[in-house]
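protein.txt, holding compact mmCIF, C-alpha atoms:
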```txt
# COMPACT_ATOMS: atom_id res chain seq x y z
CA MET A 1 0.00 0.00 0.00
CA MET A 2 1.40 3.41 -0.98
CA VAL A 3 1.31 6.24 1.54
CA ARG A 4 0.08 9.56 0.13
CA ALA A 5 2.65 12.29 0.02
CA GLY A 6 2.18 14.68 2.90
CA ALA A 7 0.02 12.22 4.86
CA ARG A 8 0.03 13.04 8.56
CA ARG A 9 1.52 10.60 11.06
CA ALA A 10 -0.70 8.95 13.63
CA TRP A 11 1.34 10.56 16.45
CA PRO A 12 3.82 13.42 16.55
CA SER A 13 7.37 12.07 16.68
CA GLY A 14 7.79 13.29 20.27
CA VAL A 15 4.73 11.35 21.46
CA PHE A 16 5.87 8.23 19.62
CA GLN A 17 9.33 8.45 21.21
CA ALA A 18 7.75 8.90 24.63
CA LEU A 19 5.60 5.80 24.13
CA LEU A 20 8.64 3.78 23.09
CA TRP A 21 10.55 4.85 26.18
CA LEU A 22 7.56 4.27 28.45
CA ALA A 23 6.95 0.73 27.22
CA SER A 24 10.65 -0.11 27.35
CA GLY A 25 11.04 1.39 30.82
CA LEU A 26 8.07 -0.54 32.20
CA LEU A 27 9.45 -3.86 30.98
CA ILE A 28 12.97 -3.15 32.24
CA ALA A 29 11.57 -2.04 35.61
CA PHE A 30 9.49 -5.21 35.84
CA ILE A 31 12.66 -7.28 35.37
CA VAL A 32 15.02 -5.23 37.51
CA LEU A 33 12.90 -4.18 40.50
CA PRO A 34 12.24 -7.70 41.93
CA LEU A 35 15.96 -8.48 41.71
CA VAL A 36 16.89 -5.17 43.34
CA ARG A 37 14.39 -5.80 46.11
CA LEU A 38 15.79 -9.31 46.60
CA ALA A 39 19.36 -8.02 46.76
CA ALA A 40 18.33 -5.38 49.30
CA THR A 41 17.17 -8.07 51.73
CA SER A 42 20.64 -9.56 52.15
CA SER A 43 23.60 -8.01 53.92
CA PRO A 44 27.23 -8.87 53.12
CA SER A 45 27.41 -10.87 56.35
CA SER A 46 24.39 -12.98 55.40
CA LEU A 47 25.92 -13.67 51.98
CA ILE A 48 29.18 -14.75 53.61
CA SER A 49 27.23 -16.95 56.00
CA ALA A 50 25.34 -18.55 53.10
CA ALA A 51 28.57 -19.14 51.20
CA ARG A 52 30.05 -20.90 54.22
CA GLU A 53 27.22 -23.44 54.34
CA ALA A 54 28.46 -26.62 52.69
CA GLU A 55 25.02 -27.53 51.32
CA VAL A 56 24.60 -24.19 49.56
CA ARG A 57 28.16 -24.12 48.27
CA ASP A 58 27.99 -27.68 46.94
CA ALA A 59 24.62 -27.01 45.31
CA VAL A 60 25.88 -23.90 43.52
CA LEU A 61 29.01 -25.69 42.28
CA LEU A 62 26.91 -28.64 41.10
CA SER A 63 24.62 -26.31 39.14
CA LEU A 64 27.57 -24.56 37.49
CA GLN A 65 29.23 -27.85 36.62
CA ASP A 66 26.16 -29.54 35.19
CA ALA A 67 25.15 -26.39 33.29
CA ALA A 68 28.57 -26.35 31.61
CA ILE A 69 28.24 -30.03 30.68
CA THR A 70 24.75 -29.37 29.31
CA ALA A 71 25.98 -26.43 27.24
CA ALA A 72 28.72 -28.58 25.71
CA ILE A 73 26.32 -31.42 24.85
CA ALA A 74 23.68 -29.05 23.46
CA THR A 75 26.26 -27.37 21.24
CA VAL A 76 27.74 -30.62 19.90
CA LEU A 77 24.29 -32.06 19.13
CA GLY A 78 22.54 -28.80 18.22
CA VAL A 79 24.97 -27.31 15.67
CA PRO A 80 24.52 -30.12 13.09
CA LEU A 81 20.73 -29.83 13.36
CA ALA A 82 20.96 -26.05 13.11
CA TYR A 83 23.05 -26.36 9.95
CA LEU A 84 20.60 -28.77 8.35
CA LEU A 85 17.68 -26.48 9.18
CA ALA A 86 19.49 -23.42 7.84
CA GLN A 87 20.38 -25.22 4.62
CA ARG A 88 16.90 -26.76 4.27
CA ARG A 89 18.54 -30.16 3.88
CA ILE A 90 16.18 -31.96 6.20
CA PRO A 91 12.73 -33.40 5.46
CA ALA A 92 9.80 -31.32 6.75
CA PRO A 93 11.97 -28.53 8.20
CA GLY A 94 8.91 -26.72 9.58
CA LEU A 95 7.88 -29.78 11.57
CA VAL A 96 11.43 -30.35 12.81
CA GLN A 97 11.69 -26.70 13.89
CA ALA A 98 8.39 -27.03 15.74
CA ILE A 99 9.73 -30.10 17.57
CA VAL A 100 12.91 -28.22 18.47
CA ASP A 101 10.85 -25.36 19.92
CA LEU A 102 8.41 -27.64 21.75
CA PRO A 103 10.34 -27.66 25.09
CA LEU A 104 9.82 -23.88 25.23
CA ALA A 105 6.05 -24.44 25.43
CA VAL A 106 5.99 -27.52 27.68
CA PRO A 107 5.66 -26.82 31.43
CA HIS A 108 8.87 -27.93 33.06
CA THR A 109 7.16 -30.19 35.55
CA VAL A 110 5.56 -31.96 32.57
CA ALA A 111 9.00 -32.22 30.99
CA GLY A 112 10.32 -33.84 34.16
CA ILE A 113 7.50 -36.39 34.22
CA ALA A 114 8.01 -37.20 30.54
CA LEU A 115 11.74 -37.66 31.11
CA LEU A 116 10.99 -39.89 34.07
CA PHE A 117 8.94 -42.22 31.84
CA LEU A 118 11.84 -42.34 29.38
CA LEU A 119 14.87 -42.30 31.67
CA GLY A 120 13.47 -43.65 34.95
CA ARG A 121 14.33 -47.03 36.33
CA THR A 122 11.59 -48.71 34.27
CA GLY A 123 11.76 -46.29 31.31
CA TRP A 124 12.47 -47.13 27.69
CA VAL A 125 16.04 -45.88 28.03
CA GLY A 126 16.46 -45.93 31.79
CA ALA A 127 15.85 -49.68 32.21
CA PRO A 128 18.47 -50.82 29.63
CA ALA A 129 20.87 -48.17 30.90
CA GLY A 130 20.43 -49.48 34.43
CA HIS A 131 21.71 -52.89 33.35
CA LEU A 132 24.86 -51.11 32.17
CA GLY A 133 25.27 -49.35 35.51
CA VAL A 134 23.96 -45.96 34.33
CA SER A 135 21.13 -44.43 36.35
CA PHE A 136 19.37 -41.20 35.40
CA TYR A 137 16.99 -41.13 38.35
CA GLY A 138 18.53 -39.27 41.27
CA SER A 139 21.90 -38.69 39.61
CA GLN A 140 23.89 -36.08 37.72
CA TRP A 141 22.95 -37.84 34.50
CA GLY A 142 19.33 -37.05 35.26
CA ILE A 143 20.13 -33.42 36.10
CA VAL A 144 21.96 -32.92 32.81
CA ALA A 145 19.15 -34.66 30.90
CA ALA A 146 16.56 -32.33 32.45
CA MET A 147 18.68 -29.26 31.76
CA LEU A 148 19.30 -30.38 28.19
CA PHE A 149 15.62 -30.92 27.44
CA VAL A 150 14.55 -27.42 28.46
CA SER A 151 17.55 -25.52 27.09
CA ALA A 152 18.49 -27.28 23.81
CA PRO A 153 16.26 -24.99 21.67
CA PHE A 154 18.52 -22.05 22.52
CA ALA A 155 21.57 -23.81 21.07
CA VAL A 156 19.79 -24.88 17.89
CA ASN A 157 17.99 -21.62 17.21
CA SER A 158 20.96 -19.35 17.87
CA ALA A 159 23.22 -21.38 15.59
CA ARG A 160 20.51 -21.66 12.91
CA VAL A 161 20.01 -17.90 12.78
CA ALA A 162 23.78 -17.43 12.49
CA PHE A 163 24.07 -19.95 9.66
CA GLU A 164 21.10 -18.46 7.81
CA ALA A 165 22.80 -15.05 7.84
CA ILE A 166 25.85 -16.40 5.99
CA ASP A 167 25.95 -15.87 2.24
CA PRO A 168 25.56 -19.38 0.73
CA ASN A 169 27.80 -18.34 -2.16
CA LEU A 170 30.77 -18.45 0.20
CA GLU A 171 30.34 -22.16 0.81
CA ARG A 172 29.65 -22.74 -2.88
CA ALA A 173 32.88 -20.93 -3.74
CA ALA A 174 34.80 -23.19 -1.36
CA ARG A 175 33.19 -26.25 -2.97
CA SER A 176 34.08 -24.99 -6.45
CA LEU A 177 37.72 -24.78 -5.36
CA GLY A 178 37.72 -28.45 -4.44
CA ALA A 179 36.68 -28.42 -0.79
CA THR A 180 34.40 -31.19 0.40
CA ARG A 181 31.11 -30.29 2.06
CA ALA A 182 32.58 -31.17 5.45
CA HIS A 183 35.71 -29.12 4.83
CA ALA A 184 33.68 -26.12 3.62
CA PHE A 185 31.53 -26.32 6.72
CA ARG A 186 34.52 -26.59 9.05
CA ARG A 187 36.64 -23.86 7.46
CA VAL A 188 34.01 -21.43 6.14
CA THR A 189 30.52 -21.80 7.59
CA LEU A 190 31.38 -22.73 11.17
CA PRO A 191 33.94 -19.94 11.72
CA LEU A 192 31.54 -17.35 10.27
CA GLY A 193 28.73 -18.61 12.49
CA ALA A 194 30.93 -19.08 15.57
CA ARG A 195 29.49 -16.08 17.40
CA GLY A 196 25.94 -17.42 17.08
CA VAL A 197 27.05 -20.89 18.14
CA LEU A 198 28.79 -19.55 21.24
CA THR A 199 25.88 -17.26 22.06
CA GLY A 200 23.59 -20.30 21.99
CA ALA A 201 25.95 -22.18 24.30
CA VAL A 202 25.93 -19.28 26.76
CA LEU A 203 22.13 -19.13 26.71
CA VAL A 204 21.95 -22.88 27.33
CA TYR A 205 24.36 -22.49 30.24
CA ALA A 206 22.36 -19.65 31.78
CA ARG A 207 19.03 -21.42 31.33
CA SER A 208 20.39 -24.65 32.78
CA ILE A 209 21.60 -23.01 35.98
CA ALA A 210 18.08 -21.74 36.62
CA GLU A 211 16.24 -25.00 35.89
CA PHE A 212 14.09 -26.31 38.72
CA GLY A 213 10.86 -27.97 37.59
CA ALA A 214 12.25 -30.76 35.41
CA VAL A 215 15.28 -31.36 37.64
CA VAL A 216 13.33 -31.69 40.88
CA ILE A 217 11.20 -34.49 39.43
CA ILE A 218 13.83 -36.66 37.80
CA ALA A 219 16.73 -35.91 40.15
CA TYR A 220 15.79 -34.31 43.47
CA TYR A 221 19.19 -35.50 44.69
CA PRO A 222 21.99 -34.56 44.27
CA VAL A 223 20.67 -31.11 45.09
CA THR A 224 21.20 -28.28 42.62
CA ALA A 225 21.16 -24.62 43.66
CA PRO A 226 17.49 -23.91 42.75
CA VAL A 227 16.39 -27.05 44.61
CA GLU A 228 18.49 -26.14 47.66
CA ILE A 229 16.98 -22.65 47.72
CA TYR A 230 13.51 -24.18 47.58
CA ASN A 231 14.43 -26.50 50.46
CA LEU A 232 15.69 -23.54 52.50
CA PHE A 233 12.46 -21.69 51.83
CA LEU A 234 10.38 -24.65 53.07
CA ARG A 235 12.57 -25.30 56.12
CA SER A 236 13.52 -21.82 57.31
CA GLY A 237 11.35 -19.32 55.48
CA LEU A 238 11.90 -16.40 53.19
CA ALA A 239 14.79 -14.75 55.02
CA ALA A 240 17.00 -17.84 54.94
CA ALA A 241 16.26 -18.51 51.29
CA SER A 242 16.91 -14.93 50.23
CA ALA A 243 20.61 -14.96 51.13
CA ALA A 244 21.19 -18.16 49.16
CA SER A 245 19.13 -16.72 46.30
CA VAL A 246 21.26 -13.57 46.12
CA LEU A 247 24.44 -15.66 46.29
CA LEU A 248 23.28 -17.80 43.36
CA LEU A 249 22.18 -14.68 41.51
CA ILE A 250 25.61 -13.07 41.91
CA VAL A 251 27.51 -16.17 40.83
CA ALA A 252 25.20 -16.92 37.89
CA LEU A 253 25.13 -13.31 36.72
CA ALA A 254 28.92 -12.98 36.94
CA THR A 255 29.58 -16.14 34.93
CA PHE A 256 26.86 -15.27 32.43
CA LEU A 257 28.27 -11.79 31.83
CA VAL A 258 31.79 -13.14 31.37
CA LEU A 259 30.69 -15.83 28.93
CA ARG A 260 28.35 -13.44 27.11
CA THR A 261 31.19 -10.94 26.68
CA LEU A 262 33.50 -13.64 25.36
CA ALA A 263 30.84 -14.92 22.95
CA SER A 264 30.18 -11.48 21.47
CA GLY A 265 33.66 -9.99 21.70
CA SER A 266 36.40 -9.41 19.19
CA TRP A 267 38.38 -12.38 20.50
CA LEU A 268 36.66 -14.55 17.91
CA TRP A 269 39.67 -14.30 15.67
CA ILE A 270 38.81 -17.68 14.17
CA ALA A 271 36.14 -16.02 12.01
CA ASP A 272 38.77 -13.79 10.42
CA ARG A 273 41.47 -16.41 10.03
CA ASP A 274 42.90 -17.21 6.63
CA PRO A 275 41.34 -20.62 5.76
CA ARG A 276 44.36 -21.79 3.81
```

In C-alpha cells, how does this file's structure come out?
Amino acid sequence: MMVRAGARRAWPSGVFQALLWLASGLLIAFIVLPLVRLAATSSPSSLISAAREAEVRDAVLLSLQDAAITAAIATVLGVPLAYLLAQRRIPAPGLVQAIVDLPLAVPHTVAGIALLFLLGRTGWVGAPAGHLGVSFYGSQWGIVAAMLFVSAPFAVNSARVAFEAIDPNLERAARSLGATRAHAFRRVTLPLGARGVLTGAVLVYARSIAEFGAVVIIAYYPVTAPVEIYNLFLRSGLAAASAASVLLLIVALATFLVLRTLASGSWLWIADRDPR
C-alpha cells in the first residue's frame, strides 16, 4: 500500500518516542525491581554466611558444573541440526523446527514427568541403561538430561540464525575450489557462524543453571542450587532462602556476563582467520 505524500503521522514524533521509552522502561523495571528488592534483603554478612554453608556451596558448584556439561552437549548435538535447518537439507523442516521449539512451550514439571517415563528405572532408556550401571533417576545424569531438554532450543535456534545469515555463495565458492562439504563447513561456515554458536551455548548455560521444575522431578538429589533454595524456603522461610538466592544470583550473573562478553567480543579471531 502506498502512503500519500504529505500524509500526517498517527502521532507526533515526540509522542511516539515517549511511548517507546515508556513501554521499554516498564518492561525493564518489571525485570530489575524484583531483583533489586531481593538483593536489598541480604547483607554482606548474610551472603558470607550462606557461602560458608556446605550444602549451599555444593549445590551452587553442582549447578555450574552440570550447566557447563549441558551447554557442551547441546552445542555438539545442536549445531549439526541447526546447519541442516538453515540449509533446508532436512525433510519437513517446519515440523522439525516445531519439535525443536516444543520444550519452550511444555511446562517444566511436565518435561520432568516425561523424562521420568523415558529415563526412569523402568523407562524405555532408563531400564536398559540401568543394566549397564547408568542411572538417570537421582543422579547427575538425570540433572543434565533435564537441563538439556529445556535448554536445547537455545543452542539450535541461535546457531541456525547465524548460519542463515551467511551468504551461501561463500560455501559454494569453497566447494568450487575443491573443498568437500565437510571441509567447507569446518573452514568457512562454522567460523563465520561461531558467534551465534557460542551465544547459543551461553544461553543454554544460563538457562540450565536456573532450571528447577524438570530437575526436581527426575533428580531431586543430588541437590542443585534452585532445589536447595527451595528446600531452605520450606525449612527456614523467606529470610534464609533470600541470602542463598542472592548468592546464586551473583555467581550466575557474573559467569553469564563473562561468557556473554566472550561470545560477542572481538576475541573470535577464528572467524577472520585465513582458511588456507

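Take CA of Val258 (chain A) and CA of Val202 (chain A): the distance between them is 9.7 Å.
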
> Separation of CA of Ala155 (chain A) and CA of Val204 (chain A), in Å?
Replying inline: 6.3 Å

>> Calculated over all atoms listed in the file, which of the candidates A:Phe233, A:Tyr221, A:Leu77, A:Ala162 has the smallest distance to Leu192 (chain A)?
In response: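 Looking at the shortest contact to Leu192 (chain A), the residue is A:Ala162.
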
> Hey, which of A:Ala92, A:Ser245, A:Ile218, A:Asn157 ends up closest to Tyr230 (chain A)? Count only C-alpha atoms.
Replying inline: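 When distances to Tyr230 (chain A) are compared using only C-alpha atoms, the smallest one comes from A:Ser245.
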
>> So that I can see what lies close to region 137-152 of chain A, please list as a PyMOL selection string the residues with an atom at most 8 Å from it, counting all atoms listed in the file and leaving out residues fewer than 3 positions away in the same chain.
In response: chain A and resi 66-67+69-71+73-74+78+100+103-104+108+111-112+115-116+119-121+155-156+203-204+207-208+211+214-215+218-222

> Distance CA of Asp58 (chain A)-CA of Leu232 (chain A), one decimal place?
Replying inline: 14.1 Å

>> Would you pick out the contacts of Val197 (chain A) at 7 Å or less, using all atoms listed in the file, so that residues sharing its chain but fewer than 4 positions from it are not included, and give the list as a PyMOL selection string?
In response: chain A and resi 155+158-159+193+201

Do a neighbour search on Ala51 (chain A) at 12 Å with only C-alpha atoms, toss out local chain neighbours closer than 5 positions, and write the hits as a compact mmCIF listing (two decimals) with C-alpha atoms, keeping the file's coordinate frame.
```txt
# COMPACT_ATOMS: atom_id res chain seq x y z
CA PRO A 44 27.23 -8.87 53.12
CA SER A 45 27.41 -10.87 56.35
CA SER A 46 24.39 -12.98 55.40
CA VAL A 56 24.60 -24.19 49.56
CA ARG A 57 28.16 -24.12 48.27
CA ASP A 58 27.99 -27.68 46.94
CA ALA A 59 24.62 -27.01 45.31
CA VAL A 60 25.88 -23.90 43.52
CA LEU A 61 29.01 -25.69 42.28
CA ALA A 225 21.16 -24.62 43.66
CA ALA A 243 20.61 -14.96 51.13
CA ALA A 244 21.19 -18.16 49.16
CA SER A 245 19.13 -16.72 46.30
CA VAL A 246 21.26 -13.57 46.12
CA LEU A 247 24.44 -15.66 46.29
CA LEU A 248 23.28 -17.80 43.36
CA ILE A 250 25.61 -13.07 41.91
CA VAL A 251 27.51 -16.17 40.83
```

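With only C-alpha atoms as the atoms that count, the residue of A:Arg37, A:Arg235, A:Arg88, A:Arg52 with the shortest distance to Arg160 (chain A) is A:Arg88.
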
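By chain and then residue number, the residues within 12 Å of region 170-172 of chain A are Gln87, Phe163, Ala165, Ile166, Ser176, Leu177, Gly178, Ala179, Thr180, Arg181, Ala182, His183, Ala184, Phe185, Arg186, Arg187, Val188, Thr189, Leu190, Pro191 and Leu192 of chain A, counting all atoms listed in the file and disregarding those fewer than 4 positions away in sequence.
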